[in-house]
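S.K.: So here's target25.cif, just mmCIF, C-alpha atoms:
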data_final
#
loop_
_atom_site.label_atom_id
_atom_site.label_comp_id
_atom_site.auth_asym_id
_atom_site.auth_seq_id
_atom_site.Cartn_x
_atom_site.Cartn_y
_atom_site.Cartn_z
CA MET M 347 22.55 16.32 4.09
CA ARG M 348 24.86 13.31 3.69
CA ALA M 349 25.16 11.63 0.28
CA SER M 350 23.32 8.51 1.47
CA SER M 351 20.40 10.56 2.82
CA ARG M 352 20.23 12.55 -0.41
CA ALA M 353 20.15 9.35 -2.46
CA ARG M 354 17.32 7.88 -0.39
CA ALA M 355 15.27 11.07 -0.11
CA TYR M 356 15.67 12.08 -3.76
CA GLY M 357 15.07 8.50 -4.87
CA LEU M 358 11.74 8.37 -3.02
CA LEU M 359 10.70 11.70 -4.54
CA LEU M 360 11.68 10.64 -8.04
CA GLY M 361 9.96 7.29 -7.60
CA VAL M 362 6.66 9.02 -6.85
CA VAL M 363 7.13 11.24 -9.92
CA LEU M 364 7.75 8.14 -12.05
CA ASP M 365 4.62 6.53 -10.65
CA MET M 366 2.57 9.63 -11.47
CA LEU M 367 3.98 9.77 -15.01
CA PHE M 368 3.92 6.10 -15.95
CA ALA M 369 1.77 4.29 -13.35
CA ASP M 370 1.92 0.48 -13.56
CA PRO M 371 2.69 -1.10 -16.94
CA ALA M 372 0.14 -3.55 -18.30
CA ARG M 373 2.88 -6.14 -18.87
CA GLY M 374 6.26 -6.88 -17.37
CA HIS M 375 5.70 -5.31 -13.96
CA PRO M 376 8.30 -6.49 -11.40
CA VAL M 377 5.64 -7.13 -8.75
CA ALA M 378 3.70 -9.30 -11.20
CA GLY M 379 6.90 -11.25 -11.84
CA PHE M 380 7.35 -11.73 -8.09
CA GLY M 381 3.75 -12.94 -7.91
CA ARG M 382 4.38 -15.58 -10.56
CA VAL M 383 7.44 -16.85 -8.66
CA ALA M 384 5.42 -16.92 -5.43
CA ALA M 385 2.60 -18.86 -7.13
CA ARG M 386 5.02 -21.49 -8.44
CA LEU M 387 6.65 -21.86 -5.05
CA GLU M 388 3.26 -22.16 -3.40
CA ARG M 389 2.33 -25.07 -5.68
CA ALA M 390 5.55 -26.83 -4.70
CA ALA M 391 5.64 -25.96 -1.00
CA TYR M 392 1.99 -25.87 0.01
CA ARG M 393 1.09 -27.79 3.14
CA ASP M 394 -1.91 -27.23 5.35
CA SER M 395 0.25 -25.99 8.22
CA ARG M 396 1.48 -22.75 9.72
CA LEU M 397 5.08 -23.97 9.69
CA ALA M 398 5.03 -24.42 5.92
CA GLY M 399 3.50 -20.95 5.55
CA VAL M 400 6.14 -19.40 7.80
CA ALA M 401 8.94 -20.93 5.71
CA TYR M 402 7.25 -19.85 2.46
CA THR M 403 6.82 -16.27 3.68
CA ALA M 404 10.31 -16.02 5.17
CA LEU M 405 11.96 -17.18 1.95
CA LEU M 406 9.99 -14.87 -0.33
CA VAL M 407 10.38 -11.83 1.92
CA GLY M 408 13.86 -12.43 3.24
CA GLY M 409 15.46 -13.42 -0.09
CA PRO M 410 14.69 -10.19 -1.98
CA ALA M 411 15.46 -8.09 1.11
CA VAL M 412 18.92 -9.66 1.49
CA VAL M 413 19.73 -9.06 -2.19
CA ALA M 414 18.53 -5.44 -1.97
CA GLY M 415 20.58 -4.90 1.19
CA ARG M 416 23.75 -6.15 -0.45
CA VAL M 417 23.21 -3.90 -3.45
CA GLU M 418 22.63 -0.88 -1.22
CA ARG M 419 25.72 -1.62 0.89
CA GLY M 420 27.78 -2.07 -2.26
CA LEU M 421 26.78 1.37 -3.51
CA ALA M 422 27.52 2.86 -0.09
CA ARG M 423 31.02 1.32 -0.12
CA ALA M 424 31.57 2.68 -3.62
CA ARG M 425 30.75 6.19 -2.40
CA ALA M 426 32.95 5.82 0.67
CA GLY M 427 35.84 4.33 -1.30
CA SER M 428 35.87 7.16 -3.81
CA ARG M 429 36.40 10.08 -1.45
CA GLY M 430 39.31 11.39 -3.44
CA GLU M 431 37.58 10.96 -6.76
CA HIS M 432 34.71 13.39 -7.01
CA ARG M 433 33.44 12.01 -10.32
CA ALA M 434 33.35 8.43 -9.08
CA ARG M 435 31.67 9.46 -5.83
CA CYS M 436 29.01 11.42 -7.71
CA GLY M 437 28.47 8.49 -10.06
CA ALA M 438 27.86 6.11 -7.15
CA GLY M 439 25.48 8.60 -5.55
CA LEU M 440 23.54 9.03 -8.79
CA ALA M 441 23.34 5.26 -9.20
CA ALA M 442 21.96 4.90 -5.66
CA THR M 443 19.38 7.63 -6.29
CA ALA M 444 18.33 6.13 -9.63
CA LEU M 445 18.01 2.62 -8.21
CA THR M 446 15.97 3.86 -5.25
CA ALA M 447 13.71 5.76 -7.67
CA VAL M 448 13.14 2.73 -9.89
CA VAL M 449 12.44 0.41 -6.96
CA THR M 450 10.11 3.00 -5.40
CA TRP M 451 8.22 3.26 -8.69
CA ALA M 452 7.98 -0.54 -8.87
CA VAL M 453 6.51 -0.95 -5.39
CA LEU M 454 4.09 2.00 -5.50
CA GLY M 455 0.59 1.68 -6.88
CA GLY M 456 -0.92 5.10 -6.23
CA ALA M 457 -1.30 6.36 -9.80
CA SER M 458 -2.93 3.16 -11.02
CA LEU M 459 -5.19 3.12 -7.97
CA ARG M 460 -6.44 6.66 -8.61
CA ARG M 461 -6.80 6.01 -12.35
CA GLU M 462 -8.95 2.94 -11.76
CA GLY M 463 -11.02 4.73 -9.12
CA ARG M 464 -11.74 7.66 -11.44
CA ALA M 465 -12.56 5.32 -14.33
CA LEU M 466 -14.98 3.38 -12.13
CA GLY M 467 -16.63 6.64 -11.11
CA GLY M 468 -16.98 7.67 -14.75
CA GLU M 469 -18.61 4.38 -15.70
CA LEU M 470 -21.06 4.63 -12.83
CA ALA M 471 -21.87 8.24 -13.70
CA ARG M 472 -22.77 7.01 -17.21
CA SER M 473 -24.88 4.20 -15.68
CA ASP M 474 -22.64 1.64 -17.40
CA LEU M 475 -22.94 -1.03 -14.71
CA ALA M 476 -21.53 -3.78 -16.92
CA ALA M 477 -18.27 -1.88 -17.44
CA ALA M 478 -18.11 -0.89 -13.77
CA ARG M 479 -18.55 -4.50 -12.69
CA ARG M 480 -15.76 -5.59 -15.03
CA ARG M 481 -13.46 -2.93 -13.55
CA LEU M 482 -14.12 -3.52 -9.86
CA PRO M 483 -11.81 -6.59 -9.56
CA SER M 484 -8.87 -4.29 -10.39
CA LEU M 485 -9.63 -2.48 -7.13
CA CYS M 486 -10.88 -5.13 -4.71
CA GLY M 487 -11.97 -8.74 -4.36
CA ARG M 488 -15.71 -8.30 -3.86
CA ASP M 489 -18.30 -10.01 -6.03
CA PRO M 490 -19.34 -7.25 -8.49
CA SER M 491 -22.27 -9.22 -9.94
CA VAL M 492 -24.41 -8.57 -6.85
CA LEU M 493 -23.55 -4.86 -6.47
CA ASP M 494 -25.63 -1.96 -7.70
CA THR M 495 -24.37 1.59 -8.27
CA GLY M 496 -24.28 2.32 -4.54
CA GLY M 497 -22.47 -0.92 -3.73
CA LEU M 498 -19.91 -0.41 -6.47
CA SER M 499 -19.36 3.19 -5.36
CA ARG M 500 -18.82 2.15 -1.75
CA ALA M 501 -16.47 -0.67 -2.74
CA GLY M 502 -14.41 1.72 -4.86
CA VAL M 503 -14.15 4.38 -2.16
CA GLU M 504 -13.20 1.85 0.49
CA SER M 505 -10.57 0.36 -1.81
CA LEU M 506 -9.12 3.80 -2.56
CA ALA M 507 -8.88 4.48 1.17
CA GLU M 508 -7.31 1.17 2.17
CA ASN M 509 -4.91 1.03 -0.75
CA THR M 510 -3.74 4.61 -0.28
CA SER M 511 -2.27 3.24 2.93
CA ASP M 512 -1.08 -0.12 1.54
CA ALA M 513 0.17 0.99 -1.89
CA VAL M 514 1.46 4.49 -1.14
CA VAL M 515 2.04 5.50 2.47
CA ALA M 516 3.40 2.19 3.77
CA PRO M 517 6.00 1.59 1.03
CA LEU M 518 7.22 5.19 1.26
CA LEU M 519 7.65 4.98 5.03
CA TRP M 520 9.40 1.61 4.82
CA GLY M 521 11.63 3.05 2.10
CA ALA M 522 12.52 6.00 4.32
CA VAL M 523 13.35 3.77 7.27
CA GLY M 524 14.81 0.73 5.53
CA GLY M 525 15.99 1.91 2.11
CA LEU M 526 15.95 -0.65 -0.69
CA PRO M 527 15.48 -3.65 1.66
CA GLY M 528 12.56 -1.88 3.31
CA LEU M 529 10.89 -1.18 -0.03
CA VAL M 530 11.18 -4.69 -1.44
CA ALA M 531 10.42 -6.50 1.82
CA TYR M 532 7.26 -4.48 2.36
CA ARG M 533 6.00 -5.06 -1.17
CA ALA M 534 6.76 -8.79 -0.88
CA VAL M 535 4.78 -9.04 2.39
CA ASN M 536 1.85 -7.08 0.98
CA THR M 537 1.78 -9.14 -2.23
CA LEU M 538 1.87 -12.43 -0.35
CA ASP M 539 -0.97 -11.29 1.90
CA ALA M 540 -3.05 -10.56 -1.23
CA MET M 541 -2.25 -14.03 -2.58
CA VAL M 542 -2.49 -16.32 0.44
CA GLY M 543 -3.62 -14.21 3.40
CA TYR M 544 -7.23 -15.43 3.36
CA ARG M 545 -9.27 -17.03 6.12
CA ASN M 546 -10.64 -19.82 3.95
CA ALA M 547 -10.06 -23.57 4.17
CA ARG M 548 -6.94 -23.58 1.98
CA TYR M 549 -5.09 -20.63 3.48
CA ARG M 550 -6.25 -20.37 7.08
CA ARG M 551 -3.03 -22.04 8.25
CA PHE M 552 -0.66 -21.69 5.28
CA GLY M 553 -1.42 -17.99 4.83
CA TRP M 554 -1.33 -17.14 8.53
CA ALA M 555 2.29 -15.91 8.51
CA ALA M 556 1.79 -13.67 5.46
CA ALA M 557 -1.38 -12.15 6.91
CA ARG M 558 0.16 -11.48 10.32
CA ALA M 559 3.34 -10.05 8.74
CA ASP M 560 1.21 -7.70 6.63
CA ASP M 561 -0.74 -6.59 9.72
CA LEU M 562 2.50 -5.77 11.52
CA ALA M 563 4.10 -4.05 8.53
CA ASN M 564 1.07 -1.78 8.15
CA LEU M 565 0.40 -1.09 11.82
CA LEU M 566 2.16 2.30 11.96
CA PRO M 567 1.76 3.31 8.27
CA ALA M 568 -2.03 2.88 8.45
CA ARG M 569 -2.19 5.31 11.34
CA VAL M 570 0.13 7.77 9.62
CA CYS M 571 -2.09 7.53 6.52
CA ALA M 572 -5.17 8.24 8.65
CA VAL M 573 -3.59 11.33 10.23
CA LEU M 574 -2.44 12.63 6.83
CA THR M 575 -5.96 12.04 5.49
CA CYS M 576 -7.41 14.17 8.28
CA ALA M 577 -4.91 16.92 7.53
CA CYS M 578 -5.75 16.78 3.79
CA ALA M 579 -9.54 16.90 4.32
CA PRO M 580 -9.82 20.56 3.14
CA VAL M 581 -8.62 19.45 -0.33
CA VAL M 582 -12.05 17.84 -0.81
CA GLY M 583 -14.00 20.44 1.14
CA GLY M 584 -13.92 18.44 4.36
CA SER M 585 -13.08 19.30 7.94
CA PRO M 586 -9.91 17.96 9.60
CA ALA M 587 -11.69 18.08 12.96
CA ARG M 588 -14.63 16.01 11.70
CA ALA M 589 -12.27 13.53 10.05
CA TRP M 590 -10.28 13.21 13.28
CA ARG M 591 -13.43 12.64 15.35
CA THR M 592 -14.59 9.96 12.92
CA LEU M 593 -11.18 8.31 13.02
CA ARG M 594 -11.11 8.28 16.82
CA ARG M 595 -14.68 6.97 17.09
CA ASP M 596 -14.79 4.40 14.27
CA GLY M 597 -11.21 3.50 13.27
CA ARG M 598 -11.01 0.49 15.58
CA ARG M 599 -14.46 -0.90 14.72
CA HIS M 600 -13.18 -2.56 11.54
CA PRO M 601 -12.12 -6.25 11.83
CA SER M 602 -8.74 -5.34 10.30
CA PRO M 603 -6.39 -3.53 12.70
CA ASN M 604 -5.28 -1.26 9.86
CA ALA M 605 -7.89 -0.93 7.08
CA GLY M 606 -10.40 0.67 9.43
CA MET M 607 -8.03 3.53 10.18
CA ALA M 608 -7.75 4.67 6.58
CA GLU M 609 -11.42 4.01 5.78
CA ALA M 610 -12.70 5.89 8.84
CA ALA M 611 -10.46 8.87 8.06
CA PHE M 612 -11.62 8.94 4.42
CA ALA M 613 -15.26 8.68 5.56
CA GLY M 614 -14.86 11.61 7.93
CA ALA M 615 -12.89 13.73 5.46
CA ALA M 616 -15.41 13.23 2.63
CA GLY M 617 -18.56 13.24 4.78
CA LEU M 618 -19.46 9.65 3.92
CA ARG M 619 -20.68 6.49 5.63
CA LEU M 620 -18.75 3.35 4.75
CA GLY M 621 -18.97 -0.29 5.88
CA GLY M 622 -21.94 -2.62 6.02
CA GLU M 623 -22.47 -5.84 4.07
CA LEU M 624 -19.61 -7.04 1.83
CA ARG M 625 -19.89 -9.93 -0.64
CA TYR M 626 -16.75 -11.88 -1.54
CA ALA M 627 -16.23 -15.12 -3.44
CA HIS M 628 -15.75 -16.91 -0.11
CA GLY M 629 -18.96 -15.53 1.42
CA VAL M 630 -20.69 -12.53 2.97
CA GLU M 631 -19.15 -10.35 5.68
CA HIS M 632 -20.93 -7.77 7.80
CA ARG M 633 -18.75 -4.81 8.75
CA PRO M 634 -19.53 -2.02 11.23
CA GLU M 635 -20.39 1.30 9.67
CA LEU M 636 -17.68 3.96 9.59
CA GLY M 637 -18.64 7.62 9.50
CA SER M 638 -22.04 9.27 9.87
CA GLY M 639 -22.52 10.94 6.48
CA ARG M 640 -24.36 9.82 3.36
CA ARG M 641 -23.71 6.62 1.41
CA PRO M 642 -21.18 7.02 -1.44
CA GLY M 643 -22.32 7.73 -4.97
CA ALA M 644 -20.52 7.71 -8.30
CA GLU M 645 -19.23 11.27 -7.82
CA ASP M 646 -17.50 10.30 -4.57
CA LEU M 647 -14.99 8.15 -6.42
CA GLN M 648 -13.55 11.34 -7.94
CA VAL M 649 -13.47 12.89 -4.47
CA ALA M 650 -11.72 9.86 -2.98
CA ALA M 651 -9.17 9.81 -5.81
CA ARG M 652 -8.41 13.49 -5.24
CA LEU M 653 -8.03 12.90 -1.50
CA SER M 654 -5.72 9.94 -2.20
CA GLY M 655 -3.56 12.16 -4.41
CA ALA M 656 -3.28 14.79 -1.67
CA VAL M 657 -2.29 12.14 0.88
CA THR M 658 0.35 10.87 -1.56
CA VAL M 659 1.95 14.31 -1.81
CA ALA M 660 1.96 14.66 1.98
CA ALA M 661 3.37 11.15 2.44
CA VAL M 662 6.28 11.62 0.05
CA GLY M 663 7.22 14.89 1.76
CA LEU M 664 7.08 13.21 5.16
CA SER M 665 9.07 10.18 3.97
CA ALA M 666 11.81 12.19 2.27
CA GLY M 667 12.19 14.30 5.40
CA LEU M 668 12.25 11.20 7.60
CA ALA M 669 14.96 9.64 5.44
CA ALA M 670 17.10 12.75 5.80
CA VAL M 671 16.59 12.92 9.58
CA LEU M 672 17.40 9.25 10.12
CA ALA M 673 20.56 9.51 8.02
CA ALA M 674 21.70 12.49 10.10
CA VAL M 675 20.92 10.77 13.42
CA ARG M 676 22.66 7.47 12.64
CA PRO M 677 26.18 8.88 12.16
CA ALA M 678 25.79 10.93 15.33
CA ALA M 679 24.75 7.84 17.27
CA GLY M 680 27.67 5.93 15.81
CA GLY M 681 30.10 8.68 16.81
CA ALA M 682 28.77 8.69 20.37
CA ARG M 683 29.75 5.06 20.79
#
Once more with this new file: its structure as structure tokens, please.

M.R.:
Amino acid sequence: MRASSRARAYGLLLGVVLDMLFADPARGHPVAGFGRVAARLERAAYRDSRLAGVAYTALLVGGPAVVAGRVERGLARARAGSRGEHRARCGAGLAATALTAVVTWAVLGGASLRREGRALGGELARSDLAAARRRLPSLCGRDPSVLDTGGLSRAGVESLAENTSDAVVAPLLWGAVGGLPGLVAYRAVNTLDAMVGYRNARYRRFGWAAARADDLANLLPARVCAVLTCACAPVVGGSPARAWRTLRRDGRRHPSPNAGMAEAAFAGAAGLRLGGELRYAHGVEHRPELGSGRRPGAEDLQVAARLSGAVTVAAVGLSAGLAAVLAAVRPAAGGAR
């Protein structure tokens, strides 16, 4: 394995370990800092037009990606320029691995997602609806005040499913394919979609570019996440075949081209039925049902968190292997020219 492939693959692995050990800090998180910058720029640049939204999205995604690309190329040149100096070459390789690990940790959200899901399940199991309603906004944007135990359970399970794709599988795959620029560009797109990618009066035009970019960035990762979920179904006592049938039947029924894939796979793997009425601050949405099992209960949040953890392990193995394969293929392609 070439030094660059080792740095990327080991960096992704170490980043997942860091996420499992430390999760997201309550203060000073890099993504939160990016969000504050994006909010300030939105106040200055907002116009009720798609063109303004395209410029806003391009600047906030392209700027960090360009900086990350220059840093990665600089480390690659340092390794290449130190061929006769083993210590210097190793130092540059270690720096590339460490930086990839830190950036991977910064863009992942799997450990915090599972922690919040388990905590929500515990509160519901204790019939502490007030605490559960206070916690739900950390997982999704639904109106918790109108949800009972069943509604809170379903919201938590659906959020665990969707965000396993968005906050774990997608960043790892983009990191494997695109290195540091792939990691930061994906997280920028996903964060902007969460901030402005709404279909309400303010953001229908301005947030259009962020929402469409997020759809495209998650198109393949969502399907990879769904397949991995089917494969991991036995971890929660489920059947891969049943999960696959549910995915094939229901995955495209969701209004989102991507969220339905992960949610249908989770429903099939855990033997649940998701979807139905959803209440947000901007109104009520009626979603098709996914799966043919029972409605989620408090205990299913623990099941969904365990399934999310299994998918995370599978995704990091896949991504590290993909990074190594791509690094081996690129020099060969270059030599053929």

S.K.: Show me the residues close to (24.4, 2.9, -1.1) - anything with an atom within 12 Å, counting all atoms listed in the file - and format the list as a PDB file with C-alpha atoms, in the coordinates of the input.

M.R.:
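After the write, point_22.pdb holds the following:
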ATOM      1  CA  ARG M 348      24.860  13.310   3.690  1.00  0.00           C
ATOM      2  CA  ALA M 349      25.160  11.630   0.280  1.00  0.00           C
ATOM      3  CA  SER M 350      23.320   8.510   1.470  1.00  0.00           C
ATOM      4  CA  SER M 351      20.400  10.560   2.820  1.00  0.00           C
ATOM      5  CA  ARG M 352      20.230  12.550  -0.410  1.00  0.00           C
ATOM      6  CA  ALA M 353      20.150   9.350  -2.460  1.00  0.00           C
ATOM      7  CA  ARG M 354      17.320   7.880  -0.390  1.00  0.00           C
ATOM      8  CA  GLY M 357      15.070   8.500  -4.870  1.00  0.00           C
ATOM      9  CA  ALA M 414      18.530  -5.440  -1.970  1.00  0.00           C
ATOM     10  CA  GLY M 415      20.580  -4.900   1.190  1.00  0.00           C
ATOM     11  CA  ARG M 416      23.750  -6.150  -0.450  1.00  0.00           C
ATOM     12  CA  VAL M 417      23.210  -3.900  -3.450  1.00  0.00           C
ATOM     13  CA  GLU M 418      22.630  -0.880  -1.220  1.00  0.00           C
ATOM     14  CA  ARG M 419      25.720  -1.620   0.890  1.00  0.00           C
ATOM     15  CA  GLY M 420      27.780  -2.070  -2.260  1.00  0.00           C
ATOM     16  CA  LEU M 421      26.780   1.370  -3.510  1.00  0.00           C
ATOM     17  CA  ALA M 422      27.520   2.860  -0.090  1.00  0.00           C
ATOM     18  CA  ARG M 423      31.020   1.320  -0.120  1.00  0.00           C
ATOM     19  CA  ALA M 424      31.570   2.680  -3.620  1.00  0.00           C
ATOM     20  CA  ARG M 425      30.750   6.190  -2.400  1.00  0.00           C
ATOM     21  CA  ALA M 426      32.950   5.820   0.670  1.00  0.00           C
ATOM     22  CA  GLY M 427      35.840   4.330  -1.300  1.00  0.00           C
ATOM     23  CA  ARG M 435      31.670   9.460  -5.830  1.00  0.00           C
ATOM     24  CA  CYS M 436      29.010  11.420  -7.710  1.00  0.00           C
ATOM     25  CA  GLY M 437      28.470   8.490 -10.060  1.00  0.00           C
ATOM     26  CA  ALA M 438      27.860   6.110  -7.150  1.00  0.00           C
ATOM     27  CA  GLY M 439      25.480   8.600  -5.550  1.00  0.00           C
ATOM     28  CA  LEU M 440      23.540   9.030  -8.790  1.00  0.00           C
ATOM     29  CA  ALA M 441      23.340   5.260  -9.200  1.00  0.00           C
ATOM     30  CA  ALA M 442      21.960   4.900  -5.660  1.00  0.00           C
ATOM     31  CA  THR M 443      19.380   7.630  -6.290  1.00  0.00           C
ATOM     32  CA  ALA M 444      18.330   6.130  -9.630  1.00  0.00           C
ATOM     33  CA  LEU M 445      18.010   2.620  -8.210  1.00  0.00           C
ATOM     34  CA  THR M 446      15.970   3.860  -5.250  1.00  0.00           C
ATOM     35  CA  GLY M 524      14.810   0.730   5.530  1.00  0.00           C
ATOM     36  CA  GLY M 525      15.990   1.910   2.110  1.00  0.00           C
ATOM     37  CA  LEU M 526      15.950  -0.650  -0.690  1.00  0.00           C
ATOM     38  CA  PRO M 527      15.480  -3.650   1.660  1.00  0.00           C
ATOM     39  CA  ALA M 673      20.560   9.510   8.020  1.00  0.00           C
TER      40      ALA M 673
END

S.K.: Point out the residue among M:Gly663, M:Tyr544, M:Val377, M:Val383 with the least atom-to-atom distance to Leu405 of chain M, counting only C-alpha atoms.

M.R.: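 Of the candidates, the smallest distance to Leu405 of chain M is held by M:Val383.
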
S.K.: From the list M:Asp370, M:Leu565, M:Tyr402, M:Val363, which residue is nearest Ser458 of chain M when using all atoms listed in the file?

M.R.: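 The closest residue to Ser458 of chain M is M:Asp370.
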
S.K.: If we count only C-alpha atoms and set the cut-off at 6 Å, which residues sit around Gly617 of chain M, ignoring sequence neighbours fewer than 3 positions away in its own chain? Please answer as a PyMOL selection string.

M.R.: chain M and resi 613-614+639

S.K.: Counting all atoms listed in the file, which residue out of M:Pro580, M:Glu635, M:Gly409, M:Trp554 sits closest to Val649 of chain M?

M.R.: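 Between M:Pro580, M:Glu635, M:Gly409, M:Trp554, the residue approaching Val649 of chain M most closely is M:Pro580.
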
S.K.: Do you have the atom CA of Phe368 of chain M-atom CA of Arg479 of chain M distance handy?

M.R.: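 Atom-to-atom, atom CA of Phe368 of chain M and atom CA of Arg479 of chain M are spaced 25.1 Å apart.
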
S.K.: Identify which of the residues M:Gly521, M:Ala651, M:Ala404, M:Gly381 lies closest to Ala465 of chain M, counting all atoms listed in the file when measuring atom-to-atom distances.

M.R.: M:Ala651

S.K.: Kindly provide the residues of segment 594-649 of chain M that approach segment 494-497 of chain M to within 8 Å, each paired with its closest atom pair and their distance in Å to one decimal, based on all atoms listed in the file, listed by chain and increasing number, as JSON lines.

M.R.:
{"residue": "M:Arg641", "atom": "CA", "partner": "M:Gly496", "partner_atom": "CA", "distance": 7.4}
{"residue": "M:Pro642", "atom": "CA", "partner": "M:Gly496", "partner_atom": "CA", "distance": 6.4}
{"residue": "M:Gly643", "atom": "CA", "partner": "M:Gly496", "partner_atom": "CA", "distance": 5.8}
{"residue": "M:Ala644", "atom": "CA", "partner": "M:Thr495", "partner_atom": "CA", "distance": 7.2}

S.K.: Enter the distance from atom CA of Ala471 of chain M to atom CA of Val503 of chain M, in Å, rounded to one decimal.

M.R.: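 Spanning atom CA of Ala471 of chain M to atom CA of Val503 of chain M is a straight-line distance of 14.4 Å.
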
S.K.: Counting only C-alpha atoms, figure out which residue out of M:Leu475, M:Ala579, M:Val659, M:Leu454 gets nearest to Asn536 of chain M.

M.R.: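 Ranking M:Leu475, M:Ala579, M:Val659, M:Leu454 by distance to Asn536 of chain M, first place goes to M:Leu454.
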
S.K.: Find the residues around Ala661 of chain M up to 8 Å (all atoms listed in the file counted), leave out those fewer than 2 positions away in its own chain, and share them as a PDB file with C-alpha atoms, in the frame of the given file.

M.R.:
ATOM      1  CA  VAL M 514       1.460   4.490  -1.140  1.00  0.00           C
ATOM      2  CA  VAL M 515       2.040   5.500   2.470  1.00  0.00           C
ATOM      3  CA  LEU M 518       7.220   5.190   1.260  1.00  0.00           C
ATOM      4  CA  LEU M 519       7.650   4.980   5.030  1.00  0.00           C
ATOM      5  CA  CYS M 571      -2.090   7.530   6.520  1.00  0.00           C
ATOM      6  CA  LEU M 574      -2.440  12.630   6.830  1.00  0.00           C
ATOM      7  CA  VAL M 657      -2.290  12.140   0.880  1.00  0.00           C
ATOM      8  CA  THR M 658       0.350  10.870  -1.560  1.00  0.00           C
ATOM      9  CA  VAL M 659       1.950  14.310  -1.810  1.00  0.00           C
ATOM     10  CA  GLY M 663       7.220  14.890   1.760  1.00  0.00           C
ATOM     11  CA  LEU M 664       7.080  13.210   5.160  1.00  0.00           C
ATOM     12  CA  SER M 665       9.070  10.180   3.970  1.00  0.00           C
TER      13      SER M 665
END

S.K.: For Gly379 of chain M, which of M:Ala670, M:Leu624, M:Ala534, M:Val362 is the closest residue, counting all atoms listed in the file?

M.R.: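 Of M:Ala670, M:Leu624, M:Ala534, M:Val362, the one nearest Gly379 of chain M is M:Ala534, counting all atoms listed in the file.
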
S.K.: Between atom CA of Met607 of chain M and atom CA of Leu367 of chain M, what is the distance, to one decimal in Å?

M.R.: 28.6 Å

S.K.: Once the PyMOL selection byres ((chain M and resi 403) around 12) has been evaluated on this model, what residues remain selected, and can you format them as a VMD selection string?

M.R.: chain M and resid 384 to 385 387 to 388 391 to 392 396 to 402 404 to 410 531 to 532 534 to 539 541 to 543 552 to 560
